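Undergrad: Provided herewith: entry34.cif, mmCIF, C-alpha atoms.
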```
data_entry
#
loop_
_atom_site.label_atom_id
_atom_site.label_comp_id
_atom_site.auth_asym_id
_atom_site.auth_seq_id
_atom_site.Cartn_x
_atom_site.Cartn_y
_atom_site.Cartn_z
CA MET M 1 175.69 194.91 106.88
CA PRO M 2 172.97 192.32 106.27
CA LYS M 3 173.70 188.88 107.62
CA TYR M 4 172.42 185.82 105.88
CA TYR M 5 172.18 182.54 107.72
CA GLU M 6 171.86 179.12 106.10
CA ASP M 7 170.58 177.31 109.20
CA LYS M 8 168.38 180.14 110.42
CA GLU M 9 164.74 179.36 111.02
CA GLU M 10 162.31 181.34 108.91
CA ASP M 11 160.42 184.12 110.64
CA GLY M 12 157.03 184.77 109.06
CA ARG M 13 156.84 188.40 110.16
CA ALA M 14 157.48 191.25 107.79
CA CYS M 15 160.91 192.90 107.83
CA SER M 16 162.34 190.03 109.87
CA GLY M 17 165.81 190.25 108.30
CA VAL M 18 166.19 193.92 109.15
CA ARG M 19 164.76 193.31 112.62
CA GLU M 20 167.29 190.55 113.32
CA ASP M 21 170.22 192.64 112.10
CA LEU M 22 169.10 195.63 114.18
CA ARG M 23 168.81 193.41 117.25
CA GLN M 24 172.30 191.97 116.74
CA CYS M 25 173.80 195.40 116.11
CA LEU M 26 172.35 196.74 119.35
CA LEU M 27 173.37 193.73 121.43
CA GLU M 28 176.94 193.88 120.09
CA SER M 29 177.31 197.65 120.45
CA PRO M 30 179.73 199.07 123.05
CA CYS M 31 176.83 200.94 124.60
CA VAL M 32 175.25 197.66 125.75
CA LEU M 33 178.44 195.68 126.38
CA ARG M 34 180.58 198.24 128.21
CA GLU M 35 178.14 200.76 129.64
CA ASN M 36 175.49 198.14 130.59
CA LYS M 37 172.63 200.18 129.17
CA SER M 38 169.50 198.65 127.73
CA PRO M 39 169.23 198.31 123.93
CA LYS M 40 166.31 200.74 124.03
CA GLN M 41 168.47 203.43 125.62
CA CYS M 42 171.25 202.84 123.10
CA LEU M 43 168.79 203.13 120.23
CA ARG M 44 167.62 206.49 121.57
CA GLU M 45 171.24 207.68 121.78
CA GLY M 46 171.73 207.00 118.07
CA HIS M 47 173.53 203.67 117.88
CA CYS M 48 172.82 201.53 114.76
CA ARG M 49 171.07 204.49 113.12
CA SER M 50 171.27 203.18 109.55
CA LEU M 51 169.56 199.91 110.45
CA GLN M 52 166.93 201.80 112.42
CA VAL M 53 166.13 203.94 109.38
CA THR M 54 165.99 200.86 107.15
CA PHE M 55 163.65 199.11 109.59
CA PHE M 56 161.40 202.18 109.74
CA ALA M 57 161.28 202.36 105.93
CA CYS M 58 160.36 198.69 105.75
CA LYS M 59 157.56 199.06 108.30
CA ARG M 60 156.29 202.22 106.60
CA SER M 61 156.21 200.48 103.22
CA MET M 62 153.77 197.96 104.67
CA LEU M 63 151.21 200.75 105.09
CA ASP M 64 151.87 202.27 101.68
CA THR M 65 149.24 201.19 99.16
CA ARG M 66 151.78 201.52 96.35
CA ALA M 67 153.83 198.74 97.97
CA ARG M 68 151.52 196.22 96.33
CA PHE M 69 153.21 197.05 93.03
CA ARG M 70 156.69 197.97 94.20
CA GLY M 71 157.22 195.43 96.95
CA ARG M 72 158.36 196.02 100.50
CA LYS M 73 161.54 197.94 101.15
CA GLY M 74 164.32 196.29 103.09
CA TYR M 75 165.24 192.64 102.89
#
```
Output the file's structure in the form of structure tokens.

TA:
Amino acid sequence: MPKYYEDKEEDGRACSGVREDLRQCLLESPCVLRENKSPKQCLREGHCRSLQVTFFACKRSMLDTRARFRGRKGY
């Protein structure tokens, strides 16, 4: 599911790749396109769940002191 872009500008924030993929998944989901709901509502309904879990794991690994040795989770 990850998308890699050659001409994409670099985002300095942590977990930016997962964040971008989650954003695209929500904006392209039928919940947003057909039902005209907000991405926040679609996320609460369970759309793009795997990317949401990956994003949460990446953000949680930033607070983990063991991440200094293991590196951040995600991409």

Undergrad: Which residues come within 12 Å of Val32 in chain M, counting all atoms listed in the file, excluding same-chain residues fewer than 2 positions away, as a list of chain:residue names?

TA: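 Those residues are M:Arg23, M:Gln24, M:Cys25, M:Leu26, M:Leu27, M:Glu28, M:Ser29, M:Pro30, M:Arg34, M:Glu35, M:Asn36, M:Lys37, M:Ser38, M:Pro39, M:Lys40, M:Gln41, M:Cys42, M:Leu43, M:Glu45, M:His47, M:Cys48.
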
Undergrad: For the residues in that selection, give me C-alpha atoms as a PDB file, keeping the file's coordinate frame.

TA:
```
ATOM      1  CA  ARG M  23     168.810 193.410 117.250  1.00  0.00           C
ATOM      2  CA  GLN M  24     172.300 191.970 116.740  1.00  0.00           C
ATOM      3  CA  CYS M  25     173.800 195.400 116.110  1.00  0.00           C
ATOM      4  CA  LEU M  26     172.350 196.740 119.350  1.00  0.00           C
ATOM      5  CA  LEU M  27     173.370 193.730 121.430  1.00  0.00           C
ATOM      6  CA  GLU M  28     176.940 193.880 120.090  1.00  0.00           C
ATOM      7  CA  SER M  29     177.310 197.650 120.450  1.00  0.00           C
ATOM      8  CA  PRO M  30     179.730 199.070 123.050  1.00  0.00           C
ATOM      9  CA  ARG M  34     180.580 198.240 128.210  1.00  0.00           C
ATOM     10  CA  GLU M  35     178.140 200.760 129.640  1.00  0.00           C
ATOM     11  CA  ASN M  36     175.490 198.140 130.590  1.00  0.00           C
ATOM     12  CA  LYS M  37     172.630 200.180 129.170  1.00  0.00           C
ATOM     13  CA  SER M  38     169.500 198.650 127.730  1.00  0.00           C
ATOM     14  CA  PRO M  39     169.230 198.310 123.930  1.00  0.00           C
ATOM     15  CA  LYS M  40     166.310 200.740 124.030  1.00  0.00           C
ATOM     16  CA  GLN M  41     168.470 203.430 125.620  1.00  0.00           C
ATOM     17  CA  CYS M  42     171.250 202.840 123.100  1.00  0.00           C
ATOM     18  CA  LEU M  43     168.790 203.130 120.230  1.00  0.00           C
ATOM     19  CA  GLU M  45     171.240 207.680 121.780  1.00  0.00           C
ATOM     20  CA  HIS M  47     173.530 203.670 117.880  1.00  0.00           C
ATOM     21  CA  CYS M  48     172.820 201.530 114.760  1.00  0.00           C
TER      22      CYS M  48
END
```

Undergrad: Name the residues that the PyMOL selection byres ((chain M and resi 54) around 10) pulls out of this structure, and write them as a ChimeraX atom specification.

TA: /M:15,18-19,22,49-53,55-60,73-75

Undergrad: Save out the residues we just selected, C-alpha atoms, as a PDB file, in the coordinates of the input.

TA:
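Output contents, as saved in part-v3.pdb:
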```pdb
ATOM      1  CA  CYS M  15     160.910 192.900 107.830  1.00  0.00           C
ATOM      2  CA  VAL M  18     166.190 193.920 109.150  1.00  0.00           C
ATOM      3  CA  ARG M  19     164.760 193.310 112.620  1.00  0.00           C
ATOM      4  CA  LEU M  22     169.100 195.630 114.180  1.00  0.00           C
ATOM      5  CA  ARG M  49     171.070 204.490 113.120  1.00  0.00           C
ATOM      6  CA  SER M  50     171.270 203.180 109.550  1.00  0.00           C
ATOM      7  CA  LEU M  51     169.560 199.910 110.450  1.00  0.00           C
ATOM      8  CA  GLN M  52     166.930 201.800 112.420  1.00  0.00           C
ATOM      9  CA  VAL M  53     166.130 203.940 109.380  1.00  0.00           C
ATOM     10  CA  PHE M  55     163.650 199.110 109.590  1.00  0.00           C
ATOM     11  CA  PHE M  56     161.400 202.180 109.740  1.00  0.00           C
ATOM     12  CA  ALA M  57     161.280 202.360 105.930  1.00  0.00           C
ATOM     13  CA  CYS M  58     160.360 198.690 105.750  1.00  0.00           C
ATOM     14  CA  LYS M  59     157.560 199.060 108.300  1.00  0.00           C
ATOM     15  CA  ARG M  60     156.290 202.220 106.600  1.00  0.00           C
ATOM     16  CA  LYS M  73     161.540 197.940 101.150  1.00  0.00           C
ATOM     17  CA  GLY M  74     164.320 196.290 103.090  1.00  0.00           C
ATOM     18  CA  TYR M  75     165.240 192.640 102.890  1.00  0.00           C
TER      19      TYR M  75
END
```

Undergrad: How far is it from CA of Arg70 in chain M to CA of Ala14 in chain M, in Å with one decimal?

TA: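 Interatomic distance, CA of Arg70 in chain M to CA of Ala14 in chain M: 15.2 Å.
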